[in-house]
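Enquirer: File model10.pdb follows (PDB, C-alpha atoms):
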```
MODEL        1
ATOM      1  CA  MET Z   1     109.851 -20.002 -23.367  1.00  0.00           C
ATOM      2  CA  ASN Z   2     112.681 -17.507 -23.097  1.00  0.00           C
ATOM      3  CA  LEU Z   3     113.773 -17.329 -19.454  1.00  0.00           C
ATOM      4  CA  ILE Z   4     117.254 -17.008 -17.982  1.00  0.00           C
ATOM      5  CA  LEU Z   5     117.596 -17.640 -14.239  1.00  0.00           C
ATOM      6  CA  THR Z   6     120.925 -16.588 -12.751  1.00  0.00           C
ATOM      7  CA  SER Z   7     122.612 -16.363  -9.401  1.00  0.00           C
ATOM      8  CA  ASP Z   8     124.033 -12.867  -9.777  1.00  0.00           C
ATOM      9  CA  PHE Z   9     124.119 -11.573 -13.369  1.00  0.00           C
ATOM     10  CA  PRO Z  10     125.390  -8.975 -14.276  1.00  0.00           C
ATOM     11  CA  PHE Z  11     127.537  -8.728 -11.146  1.00  0.00           C
ATOM     12  CA  THR Z  12     129.332 -11.819 -12.391  1.00  0.00           C
ATOM     13  CA  ALA Z  13     129.596 -11.545 -16.163  1.00  0.00           C
ATOM     14  CA  ASN Z  14     128.328 -14.456 -18.252  1.00  0.00           C
ATOM     15  CA  VAL Z  15     129.065 -14.499 -21.979  1.00  0.00           C
ATOM     16  CA  ALA Z  16     126.130 -16.789 -22.802  1.00  0.00           C
ATOM     17  CA  VAL Z  17     123.671 -14.477 -21.041  1.00  0.00           C
ATOM     18  CA  VAL Z  18     125.169 -11.410 -22.732  1.00  0.00           C
ATOM     19  CA  ASP Z  19     124.873 -13.090 -26.125  1.00  0.00           C
ATOM     20  CA  ARG Z  20     121.218 -13.961 -25.511  1.00  0.00           C
ATOM     21  CA  ILE Z  21     120.410 -10.359 -24.525  1.00  0.00           C
ATOM     22  CA  ARG Z  22     122.299  -9.012 -27.514  1.00  0.00           C
ATOM     23  CA  ALA Z  23     120.280 -11.303 -29.790  1.00  0.00           C
ATOM     24  CA  ALA Z  24     117.048  -9.673 -28.548  1.00  0.00           C
ATOM     25  CA  ALA Z  25     117.856  -6.341 -30.218  1.00  0.00           C
ATOM     26  CA  ALA Z  26     120.799  -4.321 -31.500  1.00  0.00           C
ATOM     27  CA  ALA Z  27     120.425  -1.875 -28.580  1.00  0.00           C
ATOM     28  CA  PRO Z  28     117.945  -3.646 -26.282  1.00  0.00           C
ATOM     29  CA  ARG Z  29     115.638  -1.681 -24.013  1.00  0.00           C
ATOM     30  CA  ILE Z  30     115.885  -3.379 -20.646  1.00  0.00           C
ATOM     31  CA  ALA Z  31     113.232  -2.985 -17.946  1.00  0.00           C
ATOM     32  CA  TRP Z  32     115.044  -3.112 -14.606  1.00  0.00           C
ATOM     33  CA  ILE Z  33     112.621  -4.191 -11.866  1.00  0.00           C
ATOM     34  CA  PRO Z  34     113.704  -4.400  -8.206  1.00  0.00           C
ATOM     35  CA  PRO Z  35     111.584  -5.975  -5.441  1.00  0.00           C
ATOM     36  CA  PHE Z  36     110.959  -2.652  -3.699  1.00  0.00           C
ATOM     37  CA  THR Z  37     111.595   1.054  -4.121  1.00  0.00           C
ATOM     38  CA  ASP Z  38     115.215   2.046  -4.638  1.00  0.00           C
ATOM     39  CA  LYS Z  39     114.951   5.142  -2.458  1.00  0.00           C
ATOM     40  CA  ASP Z  40     118.273   6.809  -3.224  1.00  0.00           C
ATOM     41  CA  GLY Z  41     118.735   5.386  -6.703  1.00  0.00           C
ATOM     42  CA  GLY Z  42     121.960   3.682  -5.688  1.00  0.00           C
ATOM     43  CA  GLN Z  43     120.949   0.197  -6.774  1.00  0.00           C
ATOM     44  CA  PHE Z  44     119.786   1.396 -10.172  1.00  0.00           C
ATOM     45  CA  ALA Z  45     122.985   3.363 -10.667  1.00  0.00           C
ATOM     46  CA  GLU Z  46     125.074   0.301  -9.829  1.00  0.00           C
ATOM     47  CA  ALA Z  47     122.960  -1.883 -12.116  1.00  0.00           C
ATOM     48  CA  GLY Z  48     123.440   0.658 -14.907  1.00  0.00           C
ATOM     49  CA  ARG Z  49     127.176   0.547 -14.407  1.00  0.00           C
ATOM     50  CA  ARG Z  50     127.269  -3.266 -14.446  1.00  0.00           C
ATOM     51  CA  PHE Z  51     125.064  -3.584 -17.515  1.00  0.00           C
ATOM     52  CA  GLY Z  52     127.118  -0.891 -19.207  1.00  0.00           C
ATOM     53  CA  GLU Z  53     130.282  -2.912 -18.633  1.00  0.00           C
ATOM     54  CA  VAL Z  54     128.827  -5.717 -20.773  1.00  0.00           C
ATOM     55  CA  GLY Z  55     127.562  -3.369 -23.479  1.00  0.00           C
ATOM     56  CA  PHE Z  56     123.967  -2.477 -22.530  1.00  0.00           C
ATOM     57  CA  THR Z  57     123.051   1.129 -21.810  1.00  0.00           C
ATOM     58  CA  GLU Z  58     119.282   1.327 -22.404  1.00  0.00           C
ATOM     59  CA  LEU Z  59     118.219   0.462 -18.840  1.00  0.00           C
ATOM     60  CA  GLU Z  60     114.895   1.797 -17.519  1.00  0.00           C
ATOM     61  CA  HIS Z  61     113.704   1.605 -13.922  1.00  0.00           C
ATOM     62  CA  ILE Z  62     110.233   0.221 -13.215  1.00  0.00           C
ATOM     63  CA  ASP Z  63     109.065   0.616  -9.619  1.00  0.00           C
ATOM     64  CA  ILE Z  64     106.433  -1.815  -8.293  1.00  0.00           C
ATOM     65  CA  ASP Z  65     106.371  -0.441  -4.763  1.00  0.00           C
ATOM     66  CA  GLU Z  66     106.060   3.159  -3.536  1.00  0.00           C
ATOM     67  CA  ASP Z  67     106.332   4.850  -6.949  1.00  0.00           C
ATOM     68  CA  LEU Z  68     104.218   2.398  -8.935  1.00  0.00           C
ATOM     69  CA  ASP Z  69     103.186   3.685 -12.375  1.00  0.00           C
ATOM     70  CA  GLN Z  70     100.473   1.470 -13.827  1.00  0.00           C
ATOM     71  CA  VAL Z  71     100.789   3.064 -17.258  1.00  0.00           C
ATOM     72  CA  GLN Z  72     104.483   2.229 -17.374  1.00  0.00           C
ATOM     73  CA  LEU Z  73     103.762  -1.316 -16.226  1.00  0.00           C
ATOM     74  CA  ALA Z  74     101.059  -1.713 -18.885  1.00  0.00           C
ATOM     75  CA  TYR Z  75     103.723  -1.303 -21.575  1.00  0.00           C
ATOM     76  CA  LEU Z  76     106.103  -3.857 -20.063  1.00  0.00           C
ATOM     77  CA  HIS Z  77     105.670  -6.077 -23.120  1.00  0.00           C
ATOM     78  CA  GLU Z  78     107.285  -3.416 -25.311  1.00  0.00           C
ATOM     79  CA  PHE Z  79     110.688  -3.821 -23.679  1.00  0.00           C
ATOM     80  CA  ASP Z  80     113.168  -6.107 -25.424  1.00  0.00           C
ATOM     81  CA  VAL Z  81     114.323  -7.582 -22.120  1.00  0.00           C
ATOM     82  CA  ILE Z  82     112.779  -7.714 -18.648  1.00  0.00           C
ATOM     83  CA  TYR Z  83     115.284  -7.958 -15.814  1.00  0.00           C
ATOM     84  CA  LEU Z  84     114.202  -8.966 -12.293  1.00  0.00           C
ATOM     85  CA  SER Z  85     116.857  -7.912  -9.822  1.00  0.00           C
ATOM     86  CA  ALA Z  86     118.182  -9.532  -6.687  1.00  0.00           C
ATOM     87  CA  GLY Z  87     116.522  -8.838  -3.344  1.00  0.00           C
ATOM     88  CA  ASP Z  88     114.099 -10.299  -0.816  1.00  0.00           C
ATOM     89  CA  PRO Z  89     111.918 -12.686  -2.888  1.00  0.00           C
ATOM     90  CA  VAL Z  90     109.125 -12.755  -0.280  1.00  0.00           C
ATOM     91  CA  ARG Z  91     108.752  -8.997  -0.554  1.00  0.00           C
ATOM     92  CA  PHE Z  92     109.203  -9.212  -4.334  1.00  0.00           C
ATOM     93  CA  ARG Z  93     106.313 -11.682  -4.518  1.00  0.00           C
ATOM     94  CA  TYR Z  94     104.059  -9.454  -2.417  1.00  0.00           C
ATOM     95  CA  ASN Z  95     104.738  -6.342  -4.483  1.00  0.00           C
ATOM     96  CA  ALA Z  96     104.509  -8.230  -7.780  1.00  0.00           C
ATOM     97  CA  ILE Z  97     101.038  -9.504  -6.904  1.00  0.00           C
ATOM     98  CA  ARG Z  98      99.851  -6.177  -5.479  1.00  0.00           C
ATOM     99  CA  ALA Z  99     101.127  -4.152  -8.450  1.00  0.00           C
ATOM    100  CA  GLY Z 100      99.900  -6.562 -11.108  1.00  0.00           C
ATOM    101  CA  LEU Z 101     103.431  -7.426 -12.230  1.00  0.00           C
ATOM    102  CA  ALA Z 102     102.812 -11.145 -11.680  1.00  0.00           C
ATOM    103  CA  GLY Z 103     100.096 -11.195 -14.329  1.00  0.00           C
ATOM    104  CA  ARG Z 104     102.183  -9.101 -16.719  1.00  0.00           C
ATOM    105  CA  LEU Z 105     105.106 -11.476 -16.340  1.00  0.00           C
ATOM    106  CA  ARG Z 106     102.922 -14.493 -17.066  1.00  0.00           C
ATOM    107  CA  GLN Z 107     101.804 -12.797 -20.275  1.00  0.00           C
ATOM    108  CA  CYS Z 108     105.385 -12.017 -21.229  1.00  0.00           C
ATOM    109  CA  VAL Z 109     106.420 -15.626 -20.557  1.00  0.00           C
ATOM    110  CA  SER Z 110     103.611 -16.969 -22.744  1.00  0.00           C
ATOM    111  CA  HIS Z 111     104.599 -14.617 -25.586  1.00  0.00           C
ATOM    112  CA  GLY Z 112     108.282 -15.557 -25.440  1.00  0.00           C
ATOM    113  CA  ARG Z 113     109.581 -12.223 -24.197  1.00  0.00           C
ATOM    114  CA  LEU Z 114     113.139 -12.531 -22.865  1.00  0.00           C
ATOM    115  CA  ILE Z 115     113.163 -12.393 -19.065  1.00  0.00           C
ATOM    116  CA  VAL Z 116     116.452 -12.429 -17.168  1.00  0.00           C
ATOM    117  CA  ALA Z 117     116.376 -12.773 -13.393  1.00  0.00           C
ATOM    118  CA  ALA Z 118     118.975 -12.817 -10.644  1.00  0.00           C
ATOM    119  CA  SER Z 119     118.801 -14.311  -7.153  1.00  0.00           C
ATOM    120  CA  GLY Z 120     115.531 -13.200  -5.505  1.00  0.00           C
ATOM    121  CA  GLY Z 121     114.146 -12.216  -8.892  1.00  0.00           C
ATOM    122  CA  ALA Z 122     114.840 -15.740 -10.146  1.00  0.00           C
ATOM    123  CA  LEU Z 123     112.918 -17.230  -7.210  1.00  0.00           C
ATOM    124  CA  LEU Z 124     109.892 -15.168  -8.241  1.00  0.00           C
ATOM    125  CA  LEU Z 125     109.670 -17.164 -11.490  1.00  0.00           C
ATOM    126  CA  THR Z 126     109.651 -20.531  -9.693  1.00  0.00           C
ATOM    127  CA  PRO Z 127     106.639 -22.223  -8.021  1.00  0.00           C
ATOM    128  CA  ASN Z 128     107.473 -20.905  -4.549  1.00  0.00           C
ATOM    129  CA  VAL Z 129     109.767 -18.435  -2.750  1.00  0.00           C
ATOM    130  CA  SER Z 130     110.009 -20.392   0.501  1.00  0.00           C
ATOM    131  CA  LEU Z 131     113.668 -21.357   0.084  1.00  0.00           C
ATOM    132  CA  PHE Z 132     114.537 -17.825   1.180  1.00  0.00           C
ATOM    133  CA  ARG Z 133     112.621 -18.355   4.405  1.00  0.00           C
ATOM    134  CA  LEU Z 134     114.983 -21.162   5.419  1.00  0.00           C
ATOM    135  CA  GLU Z 135     117.486 -18.448   6.316  1.00  0.00           C
ATOM    136  CA  SER Z 136     115.416 -17.497   9.373  1.00  0.00           C
ATOM    137  CA  GLU Z 137     112.881 -20.306   9.944  1.00  0.00           C
ATOM    138  CA  SER Z 138     112.982 -24.033  10.575  1.00  0.00           C
ATOM    139  CA  VAL Z 139     112.358 -26.530   7.801  1.00  0.00           C
ATOM    140  CA  GLU Z 140     109.177 -27.642   9.586  1.00  0.00           C
ATOM    141  CA  GLN Z 141     107.790 -24.098   9.769  1.00  0.00           C
ATOM    142  CA  VAL Z 142     108.636 -23.358   6.159  1.00  0.00           C
ATOM    143  CA  VAL Z 143     107.089 -26.559   4.812  1.00  0.00           C
ATOM    144  CA  ALA Z 144     103.959 -26.181   6.964  1.00  0.00           C
ATOM    145  CA  THR Z 145     103.229 -22.693   5.571  1.00  0.00           C
ATOM    146  CA  ARG Z 146     104.706 -23.140   2.095  1.00  0.00           C
ATOM    147  CA  GLY Z 147     101.294 -22.906   0.435  1.00  0.00           C
ATOM    148  CA  ARG Z 148     101.074 -19.222   1.354  1.00  0.00           C
ATOM    149  CA  PHE Z 149     104.168 -18.338  -0.669  1.00  0.00           C
ATOM    150  CA  SER Z 150     103.389 -19.590  -4.162  1.00  0.00           C
ATOM    151  CA  ALA Z 151     105.042 -17.629  -6.950  1.00  0.00           C
ATOM    152  CA  ILE Z 152     104.671 -17.354 -10.727  1.00  0.00           C
ATOM    153  CA  GLY Z 153     105.580 -20.964 -11.511  1.00  0.00           C
ATOM    154  CA  ALA Z 154     107.044 -20.349 -14.962  1.00  0.00           C
ATOM    155  CA  VAL Z 155     109.389 -23.270 -14.243  1.00  0.00           C
ATOM    156  CA  SER Z 156     108.630 -26.420 -12.256  1.00  0.00           C
ATOM    157  CA  TYR Z 157     111.653 -26.404  -9.913  1.00  0.00           C
ATOM    158  CA  GLU Z 158     112.813 -24.037  -7.210  1.00  0.00           C
ATOM    159  CA  VAL Z 159     116.123 -22.188  -7.405  1.00  0.00           C
ATOM    160  CA  LEU Z 160     118.829 -21.672  -4.799  1.00  0.00           C
ATOM    161  CA  PRO Z 161     121.223 -18.859  -5.813  1.00  0.00           C
ATOM    162  CA  HIS Z 162     124.692 -18.220  -4.370  1.00  0.00           C
ATOM    163  CA  VAL Z 163     125.173 -21.872  -3.403  1.00  0.00           C
ATOM    164  CA  SER Z 164     128.941 -21.358  -3.412  1.00  0.00           C
ATOM    165  CA  ARG Z 165     128.526 -18.924  -0.506  1.00  0.00           C
ATOM    166  CA  ARG Z 166     126.263 -21.169   1.571  1.00  0.00           C
ATOM    167  CA  GLU Z 167     127.359 -23.002   4.704  1.00  0.00           C
ATOM    168  CA  THR Z 168     126.939 -26.749   5.089  1.00  0.00           C
ATOM    169  CA  GLY Z 169     124.197 -26.335   7.701  1.00  0.00           C
ATOM    170  CA  PHE Z 170     122.051 -24.331   5.322  1.00  0.00           C
ATOM    171  CA  ILE Z 171     122.531 -26.832   2.497  1.00  0.00           C
ATOM    172  CA  ASP Z 172     121.376 -29.560   4.872  1.00  0.00           C
ATOM    173  CA  LYS Z 173     118.181 -27.580   5.460  1.00  0.00           C
ATOM    174  CA  VAL Z 174     117.656 -27.232   1.718  1.00  0.00           C
ATOM    175  CA  LEU Z 175     118.059 -30.983   1.238  1.00  0.00           C
ATOM    176  CA  ARG Z 176     115.481 -31.658   3.959  1.00  0.00           C
ATOM    177  CA  TYR Z 177     113.185 -29.081   2.410  1.00  0.00           C
ATOM    178  CA  SER Z 178     113.427 -30.719  -1.025  1.00  0.00           C
ATOM    179  CA  ASN Z 179     112.418 -34.022   0.566  1.00  0.00           C
ATOM    180  CA  GLU Z 180     109.600 -32.792   2.798  1.00  0.00           C
ATOM    181  CA  ALA Z 181     108.153 -30.328   0.283  1.00  0.00           C
ATOM    182  CA  GLY Z 182     108.519 -32.833  -2.555  1.00  0.00           C
ATOM    183  CA  THR Z 183     110.128 -30.312  -4.885  1.00  0.00           C
ATOM    184  CA  ASP Z 184     113.300 -30.254  -6.948  1.00  0.00           C
ATOM    185  CA  VAL Z 185     115.772 -27.516  -6.088  1.00  0.00           C
ATOM    186  CA  VAL Z 186     118.385 -26.362  -8.598  1.00  0.00           C
ATOM    187  CA  ALA Z 187     121.334 -24.665  -6.907  1.00  0.00           C
ATOM    188  CA  LEU Z 188     123.365 -22.091  -8.831  1.00  0.00           C
ATOM    189  CA  ALA Z 189     126.866 -20.918  -8.040  1.00  0.00           C
ATOM    190  CA  ASP Z 190     127.615 -17.263  -8.740  1.00  0.00           C
ATOM    191  CA  GLY Z 191     128.187 -16.857 -12.457  1.00  0.00           C
ATOM    192  CA  ALA Z 192     125.899 -19.766 -13.365  1.00  0.00           C
ATOM    193  CA  ALA Z 193     122.713 -19.490 -15.408  1.00  0.00           C
ATOM    194  CA  LEU Z 194     119.783 -21.663 -16.430  1.00  0.00           C
ATOM    195  CA  PHE Z 195     118.265 -21.204 -19.885  1.00  0.00           C
ATOM    196  CA  ALA Z 196     114.701 -22.506 -19.597  1.00  0.00           C
ATOM    197  CA  THR Z 197     113.286 -23.797 -22.864  1.00  0.00           C
ATOM    198  CA  SER Z 198     110.079 -25.118 -21.285  1.00  0.00           C
ATOM    199  CA  ARG Z 199     108.638 -25.385 -17.795  1.00  0.00           C
ATOM    200  CA  ASP Z 200     110.622 -28.560 -17.078  1.00  0.00           C
ATOM    201  CA  VAL Z 201     113.597 -28.421 -19.431  1.00  0.00           C
ATOM    202  CA  PHE Z 202     116.649 -26.198 -19.274  1.00  0.00           C
ATOM    203  CA  GLU Z 203     120.221 -25.856 -20.451  1.00  0.00           C
ATOM    204  CA  HIS Z 204     122.853 -24.341 -18.203  1.00  0.00           C
ATOM    205  CA  VAL Z 205     126.285 -22.776 -17.984  1.00  0.00           C
ATOM    206  CA  GLY Z 206     128.390 -22.625 -14.842  1.00  0.00           C
ATOM    207  CA  THR Z 207     128.207 -24.806 -11.760  1.00  0.00           C
ATOM    208  CA  VAL Z 208     124.735 -26.220 -11.189  1.00  0.00           C
ATOM    209  CA  THR Z 209     123.586 -28.868  -8.684  1.00  0.00           C
ATOM    210  CA  ARG Z 210     120.156 -30.460  -8.488  1.00  0.00           C
ATOM    211  CA  TYR Z 211     118.557 -31.652  -5.244  1.00  0.00           C
ATOM    212  CA  ARG Z 212     115.697 -34.140  -5.303  1.00  0.00           C
ATOM    213  CA  ARG Z 213     113.974 -35.924  -2.411  1.00  0.00           C
ATOM    214  CA  GLY Z 214     116.753 -34.932  -0.052  1.00  0.00           C
ATOM    215  CA  GLU Z 215     119.571 -36.158  -2.275  1.00  0.00           C
ATOM    216  CA  ILE Z 216     122.066 -34.550  -4.624  1.00  0.00           C
ATOM    217  CA  ILE Z 217     121.554 -35.904  -8.139  1.00  0.00           C
ATOM    218  CA  ALA Z 218     123.561 -35.446 -11.297  1.00  0.00           C
ATOM    219  CA  THR Z 219     122.442 -32.516 -13.436  1.00  0.00           C
ATOM    220  CA  ASP Z 220     122.865 -32.429 -17.192  1.00  0.00           C
ATOM    221  CA  ALA Z 221     121.323 -30.159 -19.815  1.00  0.00           C
ATOM    222  CA  HIS Z 222     117.798 -31.489 -19.256  1.00  0.00           C
ATOM    223  CA  ALA Z 223     115.424 -31.742 -16.304  1.00  0.00           C
ATOM    224  CA  GLU Z 224     114.618 -35.339 -15.521  1.00  0.00           C
TER     225      GLU Z 224
ENDMDL
END
```
Go through the file and emit its structure as structure tokens.
Expert:
Amino acid sequence: MNLILTSDFPFTANVAVVDRIRAAAAAPRIAWIPPFTDKDGGQFAEAGRRFGEVGFTELEHIDIDEDLDQVQLAYLHEFDVIYLSAGDPVRFRYNAIRAGLAGRLRQCVSHGRLIVAASGGALLLTPNVSLFRLESESVEQVVATRGRFSAIGAVSYEVLPHVSRRETGFIDKVLRYSNEAGTDVVALADGAALFATSRDVFEHVGTVTRYRRGEIIATDAHAE
């Protein structure tokens, strides 16, 4: 497995992530995939600037929404790196399933293709995207309907990005969710990254906290 789940790369630079991308190819072709159509191209332009700052210029936009190109998507496996951008993970999930990206990503995971994901894109690779729904719904509502929001499940835990920006009240909801849903949640501060070596095991850089059964537990280099 060759997955990197981040809070906000490349908006916060991370040397370990850069090194892993650089190891994929001398001048890696990177498929940049947002959750929905970038209508004015502003997000892609900003992503290009940020990736360029850390030495990567071969960035190609793949749309899975209004301008879906199935031929382009069929050759996803030929990219050196697949990057799933930040954005609404519920909408990302819907478009990924509708476009066929979900199946393509599962194939890429099984073949060891390097996939780097940030924020909402990282949630897409976990078992479920319901953590995002806690921003607008109660814990009870989210848990009751969680089964409708299953995601790719490349890793066994859910991910909470931007934990350093979250208020205490929201973290309390996440702790309750981890208990009632019976799932581990790994929270990432901006700049942090998880390097998944299998579905359950990861290494990490940056500030990482693991929630289990409503409690904060110590997190080392391995899932327990």
Enquirer: Could you state the separation of CA of His77 (chain Z) and CA of Asp200 (chain Z) in Å, given to one decimal place?
Expert: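 Answer for the CA of His77 (chain Z) to CA of Asp200 (chain Z) separation: 23.8 Å.
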Enquirer: Looking at Z:Val54, Z:Ile64, Z:Ala24, Z:Leu175, which one is nearest to Arg212 (chain Z), with distances taken over only C-alpha atoms?
Expert: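 Checking each candidate against Arg212 (chain Z), we get Z:Leu175 as the closest.
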Enquirer: Looking at only C-alpha atoms, which of Z:Val142, Z:Leu59, Z:Ile152, Z:Ala86 is the one that sits closest to Gly100 (chain Z)?
Expert: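 Counting only C-alpha atoms, the residue closest to Gly100 (chain Z) is Z:Ile152.
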Enquirer: Which is closer to Gly169 (chain Z) than all the others in Z:Ala117, Z:Val139, Z:Ala25, Z:Ile62, using all atoms listed in the file?
Expert: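 For Gly169 (chain Z), the nearest of the given residues is Z:Val139.
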Enquirer: Compare Z:Asn2, Z:Thr145, Z:Thr209, Z:Thr12 by their minimum atom-to-atom distance to Ile82 (chain Z), counting only C-alpha atoms, and give me the closest one.
Expert: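 Residue with the minimum atom-to-atom distance to Ile82 (chain Z): Z:Asn2.
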Enquirer: So, counting only C-alpha atoms, which residue among Z:Ile97, Z:Val18, Z:Ala189, Z:Val174 is closest to Phe149 (chain Z)?
Expert: Z:Ile97
Enquirer: Name every residue that the PyMOL selection byres ((chain Z and resi 202-208) around 6) selects in this structure, writing the answer as number ranges by chain with chains first and numbers rising.
Expert: Z: 187-189, 192-197, 201, 209, 221-222
Enquirer: Please enumerate the residues selected by the PyMOL selection byres ((chain Z and resi 21) around 9) when evaluated against the supplied file, formatted as a PyMOL selection string.
Expert: chain Z and resi 16-20+22-25+28+56+80-81+114+116
Enquirer: Do you know which residues the PyMOL selection byres ((chain Z and resi 172) around 12) returns on this file, as a list in words?
Expert: Leu134, Glu135, Ser138, Val139, Val163, Arg166, Glu167, Thr168, Gly169, Phe170, Ile171, Lys173, Val174, Leu175, Arg176, Tyr177, Ser178, Asn179, Tyr211, Gly214, Glu215 and Ile216 of chain Z
